[in-house]
$ cat target.csv   # CSV, C-alpha atoms and all ligand atoms
chain,number,residue,atom,x,y,z
A,614,MET,CA,0.0,0.0,0.0
A,615,ILE,CA,1.3,3.4,-1.0
A,616,LEU,CA,0.6,6.7,0.9
A,617,VAL,CA,0.0,9.5,-1.5
A,618,SER,CA,-0.3,13.3,-1.2
A,619,ALA,CA,-4.0,14.0,-2.1
A,620,CYS,CA,-3.2,17.1,-4.1
A,621,LEU,CA,-1.2,15.0,-6.6
A,622,LEU,CA,-4.4,13.2,-7.6
A,623,GLY,CA,-6.3,16.5,-8.2
A,624,ILE,CA,-7.9,17.0,-4.8
A,625,ASN,CA,-8.2,20.7,-4.1
A,626,CYS,CA,-6.4,20.6,-0.7
A,627,LYS,CA,-3.5,22.9,-1.6
A,628,TYR,CA,-3.1,26.1,0.5
A,629,ASN,CA,-4.7,28.2,-2.2
A,630,GLY,CA,-7.7,25.8,-2.6
A,631,GLU,CA,-6.2,24.3,-5.8
A,632,HIS,CA,-4.3,21.1,-6.5
A,633,ASN,CA,-1.0,19.7,-7.9
A,634,LYS,CA,-2.5,17.0,-10.2
A,635,SER,CA,0.2,14.8,-11.7
A,636,ASP,CA,-0.9,12.6,-14.6
A,637,LYS,CA,2.3,10.7,-14.2
A,638,VAL,CA,1.4,9.7,-10.6
A,639,ILE,CA,-2.2,8.9,-11.6
A,640,GLU,CA,-0.9,6.6,-14.4
A,641,TYR,CA,1.7,5.0,-12.1
A,642,LEU,CA,-0.9,4.2,-9.4
A,643,LYS,CA,-3.5,2.8,-11.9
A,644,ASP,CA,-2.8,-0.9,-11.0
A,645,LYS,CA,-1.6,-0.3,-7.4
A,646,GLU,CA,-3.2,0.0,-4.0
A,647,TYR,CA,-2.9,3.4,-2.4
A,648,ILE,CA,-4.4,5.8,0.1
A,649,ILE,CA,-4.4,9.6,0.0
A,650,VAL,CA,-3.7,12.1,2.8
A,651,CYS,CA,-3.3,15.8,3.1
A,652,PRO,CA,-1.2,16.3,6.3
A,653,GLU,CA,-2.0,20.0,6.6
A,654,GLN,CA,-5.7,19.3,6.6
A,655,LEU,CA,-5.2,16.5,9.0
A,656,GLY,CA,-3.4,18.9,11.2
A,657,GLY,CA,-6.5,21.0,11.5
A,658,LEU,CA,-5.7,23.8,9.0
A,659,SER,CA,-8.4,25.1,6.7
A,660,THR,CA,-8.5,25.2,2.9
A,661,PRO,CA,-7.7,27.6,1.6
A,662,ARG,CA,-5.1,28.7,4.1
A,663,ARG,CA,-2.1,30.9,4.3
A,664,PRO,CA,1.1,29.4,2.8
A,665,SER,CA,3.7,28.4,5.5
A,666,GLU,CA,7.4,27.6,5.5
A,667,ILE,CA,9.8,26.0,7.9
A,668,THR,CA,11.9,28.7,9.6
A,669,SER,CA,15.3,26.9,9.7
A,670,VAL,CA,16.8,23.6,8.5
A,671,ASP,CA,14.0,21.2,7.8
A,672,GLY,CA,11.2,18.9,9.0
A,673,TYR,CA,13.5,16.8,11.2
A,674,GLU,CA,14.4,19.9,13.2
A,675,VAL,CA,10.7,20.7,13.6
A,676,ILE,CA,10.0,17.2,14.9
A,677,ASN,CA,13.0,17.6,17.3
A,678,GLY,CA,11.6,20.9,18.6
A,679,ASN,CA,14.4,23.0,17.2
A,680,SER,CA,12.6,24.7,14.4
A,681,ASN,CA,9.1,26.1,13.6
A,682,VAL,CA,6.6,26.4,10.8
A,683,ILE,CA,5.3,29.9,10.3
A,684,SER,CA,2.6,31.3,8.0
A,685,ASN,CA,3.3,34.2,5.7
A,686,GLU,CA,1.3,36.3,8.3
A,687,GLY,CA,3.7,35.3,11.1
A,688,ILE,CA,1.3,32.8,12.7
A,689,ASP,CA,3.1,29.8,14.3
A,690,VAL,CA,1.5,26.7,12.9
A,691,THR,CA,4.1,24.2,14.1
A,692,GLU,CA,1.7,22.2,16.2
A,693,ASN,CA,-0.7,21.8,13.2
A,694,PHE,CA,2.2,20.5,11.0
A,695,LYS,CA,3.3,18.1,13.7
A,696,LYS,CA,-0.3,16.9,14.2
A,697,GLY,CA,-0.7,16.4,10.5
A,698,ALA,CA,2.5,14.4,10.4
A,699,LYS,CA,1.3,12.2,13.3
A,700,GLU,CA,-2.1,11.6,11.7
A,701,SER,CA,-0.5,10.8,8.4
A,702,LEU,CA,1.8,8.3,10.1
A,703,LYS,CA,-1.2,6.8,11.9
A,704,ILE,CA,-3.0,6.2,8.5
A,705,ALA,CA,0.2,4.8,7.0
A,706,ASN,CA,0.5,2.3,9.8
A,707,LEU,CA,-3.2,1.4,9.7
A,708,TYR,CA,-2.9,0.6,6.0
A,709,GLN,CA,0.6,-0.9,6.4
A,710,CYS,CA,2.1,1.5,3.9
A,711,THR,CA,5.8,0.9,3.3
A,712,GLU,CA,6.3,3.7,0.8
A,713,ALA,CA,4.9,7.1,0.1
A,714,ILE,CA,4.7,9.5,-2.9
A,715,LEU,CA,4.5,13.0,-1.6
A,716,LYS,CA,4.5,16.4,-3.2
A,717,GLU,CA,8.0,17.9,-3.6
A,718,SER,CA,8.9,21.2,-1.9
A,719,SER,CA,5.9,21.3,0.5
A,720,PRO,CA,6.8,22.1,4.2
A,721,SER,CA,4.8,18.9,5.0
A,722,CYS,CA,5.4,16.7,2.0
A,723,GLY,CA,8.7,17.7,0.4
A,724,SER,CA,11.3,14.9,0.3
A,725,ASN,CA,14.3,16.6,-1.4
A,726,TYR,CA,13.6,20.3,-1.3
A,727,ILE,CA,11.7,22.8,0.8
A,728,TYR,CA,11.3,26.6,0.7
A,729,ASP,CA,13.9,28.4,2.7
A,730,GLY,CA,11.6,30.2,5.2
A,731,THR,CA,11.8,33.6,3.7
A,732,PHE,CA,8.7,33.4,1.5
A,733,SER,CA,10.8,34.5,-1.5
A,734,GLY,CA,10.4,31.3,-3.6
A,735,ASN,CA,14.0,30.1,-2.8
A,736,LYS,CA,14.3,26.3,-2.3
A,737,ILE,CA,16.9,24.6,-0.2
A,738,PRO,CA,17.7,20.9,0.2
A,739,GLY,CA,15.6,19.4,3.0
A,740,VAL,CA,12.4,17.5,3.9
A,741,GLY,CA,8.9,18.5,5.1
A,742,VAL,CA,7.6,17.6,8.6
A,743,THR,CA,5.5,14.7,7.5
A,744,THR,CA,8.3,13.2,5.3
A,745,ALA,CA,10.6,13.5,8.2
A,746,LEU,CA,8.3,11.6,10.6
A,747,LEU,CA,7.5,8.9,8.0
A,748,ARG,CA,11.2,8.3,7.2
A,749,LEU,CA,12.0,8.1,11.0
A,750,ASN,CA,9.4,5.3,11.0
A,751,ASN,CA,11.1,3.4,8.1
A,752,ILE,CA,8.6,4.4,5.4
A,753,LYS,CA,10.3,5.2,2.1
A,754,VAL,CA,9.3,8.6,0.7
A,755,ILE,CA,9.8,9.8,-2.8
A,756,SER,CA,8.4,12.7,-4.7
A,757,GLU,CA,6.2,12.9,-7.8
A,758,LYS,CA,9.4,13.9,-9.7
A,759,GLU,CA,11.0,10.5,-9.0
A,760,ILE,CA,8.2,8.4,-10.6
A,801,LIG,FE1,-0.5,18.5,-0.9
A,801,LIG,FE2,0.9,17.8,1.2
A,801,LIG,FE3,0.3,20.3,0.8
A,801,LIG,FE4,-1.7,18.6,1.5
A,801,LIG,S1,0.1,19.2,2.7
A,801,LIG,S2,-1.8,20.2,-0.1
A,801,LIG,S3,-1.0,16.8,0.4
A,801,LIG,S4,1.6,19.1,-0.5

$ encode --input "target.csv" --output "structure tokens"
Amino acid sequence: MILVSACLLGINCKYNGEHNKSDKVIEYLKDKEYIIVCPEQLGGLSTPRRPSEITSVDGYEVINGNSNVISNEGIDVTENFKKGAKESLKIANLYQCTEAILKESSPSCGSNYIYDGTFSGNKIPGVGVTTALLRLNNIKVISEKEI
């Protein structure tokens, strides 16, 4: 069973109320079993919502309590992101997912890159909060770009 970012399948759960539909991912999953999650919604955030970024380093440091996630209005949404990661892990475990395909560059779902915390569009190497928690629990996470 594969855990998949809901926005990659065309679900309008992205911060701006839209999606990140990937025909490549949909085609790849056609003959496979999968379950979709949106960690930010599972963390209690609304859709649409303000975009958020990790303030320093990446999702591992957020899990460790050494970094935060802040919206572009300066609201601290760290606890929402941690809750979303935990709920996503719970679903992954319930469905015995051993791998995940998550949206690249998201502060929740990124697996190679994230935005640098300045809301200027710059990306840095790093992972989102949900990806970090899944990898800490031995779930393989790749992005839609690696399909
Ligand atoms: Fe997509 Fe993940 Fe962002 Fe939800 S949290 S909209 S699944 S990238």

$ residues_around --input "target.csv" --residues "Leu749 in chain A" --least-positions-apart "6" --cutoff "12 Å" --atoms "all atoms listed in the file" --output "PyMOL selection string"
chain A and resi 672-673+676-677+698-699+702+740+742-743

$ residues_around --input "target.csv" --residues "Glu686 in chain A" --least-positions-apart "6" --cutoff "9 Å" --atoms "all atoms listed in the file" --output "list of chain:residue names"
A:Arg663, A:Pro664, A:Ser665

$ residues_near_ligand --input "target.csv" --ligand "ligand LIG 801 (chain A)" --cutoff "9 Å" --atoms "all atoms listed in the file" --output "ChimeraX atom specification"
/A:617-621,624-633,649-655,660,694,697,715-723,741,743

$ closest_residue --input "target.csv" --among "A:Ser635, A:Lys703, A:Lys696, A:Asn725" --to "Ile737 in chain A" --atoms "all atoms listed in the file"
A:Asn725

$ residues_around --input "target.csv" --residues "Val682 in chain A" --least-positions-apart "3" --cutoff "8 Å" --atoms "only C-alpha atoms" --output "list in words"
Ser665, Glu666, Ile667, Thr668, Val675, Asp689, Val690, Thr691, Phe694 and Pro720 of chain A

$ residues_around --input "target.csv" --residues "Ile752 in chain A" --least-positions-apart "3" --cutoff "8 Å" --atoms "only C-alpha atoms" --output "mmCIF file with C-alpha atoms, in the coordinates of the input"
data_model
loop_
_atom_site.group_PDB
_atom_site.id
_atom_site.type_symbol
_atom_site.label_atom_id
_atom_site.label_comp_id
_atom_site.auth_asym_id
_atom_site.auth_seq_id
_atom_site.Cartn_x
_atom_site.Cartn_y
_atom_site.Cartn_z
ATOM 1 C CA CYS A 710 2.100 1.500 3.900
ATOM 2 C CA THR A 711 5.800 0.900 3.300
ATOM 3 C CA GLU A 712 6.300 3.700 0.800
ATOM 4 C CA ALA A 713 4.900 7.100 0.100
ATOM 5 C CA LEU A 747 7.500 8.900 8.000
ATOM 6 C CA ARG A 748 11.200 8.300 7.200
ATOM 7 C CA LEU A 749 12.000 8.100 11.000
#

$ closest_residue --input "target.csv" --among "A:Val754, A:Leu622, A:Leu658, A:Ile683" --to "Asp636 in chain A" --atoms "all atoms listed in the file"
A:Leu622

$ atom_distance --input "target.csv" --atom1 "CA of Glu646 in chain A" --atom2 "CA of Gln709 in chain A"
11.1 Å

$ atom_distance --input "target.csv" --atom1 "CA of Ser756 in chain A" --atom2 "CA of Ile714 in chain A"
5.2 Å

$ atom_distance --input "target.csv" --atom1 "CA of Leu642 in chain A" --atom2 "CA of Pro661 in chain A"
26.7 Å

$ closest_residue --input "target.csv" --among "A:Asn685, A:Ser669, A:Asn693, A:Asn679" --to "Gly657 in chain A" --atoms "only C-alpha atoms"
A:Asn693

$ closest_residue --input "target.csv" --among "A:Asp644, A:Ile755, A:Asn735, A:Ile688" --to "Arg662 in chain A" --atoms "all atoms listed in the file"
A:Ile688

$ closest_residue --input "target.csv" --among "A:Val638, A:Ser680, A:Glu759, A:Gly656" --to "Glu692 in chain A" --atoms "only C-alpha atoms"
A:Gly656

$ closest_residue --input "target.csv" --among "A:Asp671, A:Ile760, A:Ile704, A:Asn750" --to "Gly730 in chain A" --atoms "all atoms listed in the file"
A:Asp671

$ decode --input "target.csv" --residues "range 641-732 of chain A" --atoms "C-alpha atoms" --output "PDB file, in the first residue's frame"
ATOM      1  CA  TYR A 641       1.703   5.007 -12.076  1.00  0.00           C
ATOM      2  CA  LEU A 642      -0.930   4.224  -9.424  1.00  0.00           C
ATOM      3  CA  LYS A 643      -3.488   2.781 -11.853  1.00  0.00           C
ATOM      4  CA  ASP A 644      -2.788  -0.863 -10.971  1.00  0.00           C
ATOM      5  CA  LYS A 645      -1.616  -0.286  -7.387  1.00  0.00           C
ATOM      6  CA  GLU A 646      -3.246   0.045  -3.984  1.00  0.00           C
ATOM      7  CA  TYR A 647      -2.908   3.444  -2.383  1.00  0.00           C
ATOM      8  CA  ILE A 648      -4.447   5.790   0.137  1.00  0.00           C
ATOM      9  CA  ILE A 649      -4.427   9.592   0.003  1.00  0.00           C
ATOM     10  CA  VAL A 650      -3.687  12.062   2.786  1.00  0.00           C
ATOM     11  CA  CYS A 651      -3.297  15.810   3.136  1.00  0.00           C
ATOM     12  CA  PRO A 652      -1.195  16.319   6.276  1.00  0.00           C
ATOM     13  CA  GLU A 653      -2.009  20.013   6.560  1.00  0.00           C
ATOM     14  CA  GLN A 654      -5.743  19.350   6.563  1.00  0.00           C
ATOM     15  CA  LEU A 655      -5.223  16.454   8.987  1.00  0.00           C
ATOM     16  CA  GLY A 656      -3.375  18.912  11.216  1.00  0.00           C
ATOM     17  CA  GLY A 657      -6.488  21.046  11.485  1.00  0.00           C
ATOM     18  CA  LEU A 658      -5.681  23.785   8.983  1.00  0.00           C
ATOM     19  CA  SER A 659      -8.378  25.140   6.713  1.00  0.00           C
ATOM     20  CA  THR A 660      -8.450  25.163   2.912  1.00  0.00           C
ATOM     21  CA  PRO A 661      -7.683  27.634   1.551  1.00  0.00           C
ATOM     22  CA  ARG A 662      -5.075  28.666   4.123  1.00  0.00           C
ATOM     23  CA  ARG A 663      -2.054  30.913   4.322  1.00  0.00           C
ATOM     24  CA  PRO A 664       1.133  29.416   2.840  1.00  0.00           C
ATOM     25  CA  SER A 665       3.655  28.362   5.498  1.00  0.00           C
ATOM     26  CA  GLU A 666       7.373  27.626   5.550  1.00  0.00           C
ATOM     27  CA  ILE A 667       9.846  25.972   7.906  1.00  0.00           C
ATOM     28  CA  THR A 668      11.914  28.699   9.572  1.00  0.00           C
ATOM     29  CA  SER A 669      15.253  26.902   9.736  1.00  0.00           C
ATOM     30  CA  VAL A 670      16.797  23.636   8.539  1.00  0.00           C
ATOM     31  CA  ASP A 671      13.966  21.191   7.795  1.00  0.00           C
ATOM     32  CA  GLY A 672      11.226  18.882   9.025  1.00  0.00           C
ATOM     33  CA  TYR A 673      13.546  16.775  11.170  1.00  0.00           C
ATOM     34  CA  GLU A 674      14.380  19.851  13.240  1.00  0.00           C
ATOM     35  CA  VAL A 675      10.680  20.688  13.562  1.00  0.00           C
ATOM     36  CA  ILE A 676      10.047  17.162  14.893  1.00  0.00           C
ATOM     37  CA  ASN A 677      12.982  17.625  17.290  1.00  0.00           C
ATOM     38  CA  GLY A 678      11.552  20.895  18.584  1.00  0.00           C
ATOM     39  CA  ASN A 679      14.407  23.008  17.208  1.00  0.00           C
ATOM     40  CA  SER A 680      12.556  24.722  14.354  1.00  0.00           C
ATOM     41  CA  ASN A 681       9.100  26.076  13.643  1.00  0.00           C
ATOM     42  CA  VAL A 682       6.603  26.398  10.824  1.00  0.00           C
ATOM     43  CA  ILE A 683       5.287  29.925  10.327  1.00  0.00           C
ATOM     44  CA  SER A 684       2.602  31.259   7.995  1.00  0.00           C
ATOM     45  CA  ASN A 685       3.297  34.235   5.750  1.00  0.00           C
ATOM     46  CA  GLU A 686       1.328  36.312   8.253  1.00  0.00           C
ATOM     47  CA  GLY A 687       3.684  35.271  11.055  1.00  0.00           C
ATOM     48  CA  ILE A 688       1.304  32.799  12.713  1.00  0.00           C
ATOM     49  CA  ASP A 689       3.060  29.814  14.300  1.00  0.00           C
ATOM     50  CA  VAL A 690       1.458  26.673  12.852  1.00  0.00           C
ATOM     51  CA  THR A 691       4.112  24.238  14.083  1.00  0.00           C
ATOM     52  CA  GLU A 692       1.652  22.205  16.158  1.00  0.00           C
ATOM     53  CA  ASN A 693      -0.696  21.836  13.170  1.00  0.00           C
ATOM     54  CA  PHE A 694       2.158  20.526  11.045  1.00  0.00           C
ATOM     55  CA  LYS A 695       3.288  18.093  13.749  1.00  0.00           C
ATOM     56  CA  LYS A 696      -0.282  16.869  14.248  1.00  0.00           C
ATOM     57  CA  GLY A 697      -0.712  16.405  10.500  1.00  0.00           C
ATOM     58  CA  ALA A 698       2.486  14.373  10.370  1.00  0.00           C
ATOM     59  CA  LYS A 699       1.339  12.163  13.256  1.00  0.00           C
ATOM     60  CA  GLU A 700      -2.094  11.584  11.738  1.00  0.00           C
ATOM     61  CA  SER A 701      -0.511  10.752   8.366  1.00  0.00           C
ATOM     62  CA  LEU A 702       1.790   8.252  10.079  1.00  0.00           C
ATOM     63  CA  LYS A 703      -1.223   6.762  11.862  1.00  0.00           C
ATOM     64  CA  ILE A 704      -2.967   6.227   8.513  1.00  0.00           C
ATOM     65  CA  ALA A 705       0.227   4.822   6.970  1.00  0.00           C
ATOM     66  CA  ASN A 706       0.471   2.311   9.810  1.00  0.00           C
ATOM     67  CA  LEU A 707      -3.227   1.403   9.698  1.00  0.00           C
ATOM     68  CA  TYR A 708      -2.884   0.554   6.013  1.00  0.00           C
ATOM     69  CA  GLN A 709       0.591  -0.940   6.364  1.00  0.00           C
ATOM     70  CA  CYS A 710       2.125   1.478   3.889  1.00  0.00           C
ATOM     71  CA  THR A 711       5.809   0.862   3.318  1.00  0.00           C
ATOM     72  CA  GLU A 712       6.251   3.699   0.830  1.00  0.00           C
ATOM     73  CA  ALA A 713       4.878   7.111   0.058  1.00  0.00           C
ATOM     74  CA  ILE A 714       4.727   9.468  -2.915  1.00  0.00           C
ATOM     75  CA  LEU A 715       4.498  13.006  -1.592  1.00  0.00           C
ATOM     76  CA  LYS A 716       4.484  16.437  -3.221  1.00  0.00           C
ATOM     77  CA  GLU A 717       7.952  17.902  -3.623  1.00  0.00           C
ATOM     78  CA  SER A 718       8.901  21.192  -1.912  1.00  0.00           C
ATOM     79  CA  SER A 719       5.942  21.337   0.490  1.00  0.00           C
ATOM     80  CA  PRO A 720       6.761  22.120   4.154  1.00  0.00           C
ATOM     81  CA  SER A 721       4.784  18.949   4.985  1.00  0.00           C
ATOM     82  CA  CYS A 722       5.374  16.697   2.011  1.00  0.00           C
ATOM     83  CA  GLY A 723       8.702  17.732   0.443  1.00  0.00           C
ATOM     84  CA  SER A 724      11.263  14.935   0.266  1.00  0.00           C
ATOM     85  CA  ASN A 725      14.257  16.592  -1.425  1.00  0.00           C
ATOM     86  CA  TYR A 726      13.606  20.321  -1.279  1.00  0.00           C
ATOM     87  CA  ILE A 727      11.654  22.812   0.808  1.00  0.00           C
ATOM     88  CA  TYR A 728      11.278  26.596   0.691  1.00  0.00           C
ATOM     89  CA  ASP A 729      13.872  28.409   2.748  1.00  0.00           C
ATOM     90  CA  GLY A 730      11.587  30.166   5.243  1.00  0.00           C
ATOM     91  CA  THR A 731      11.811  33.625   3.685  1.00  0.00           C
ATOM     92  CA  PHE A 732       8.701  33.372   1.457  1.00  0.00           C
TER      93      PHE A 732
END
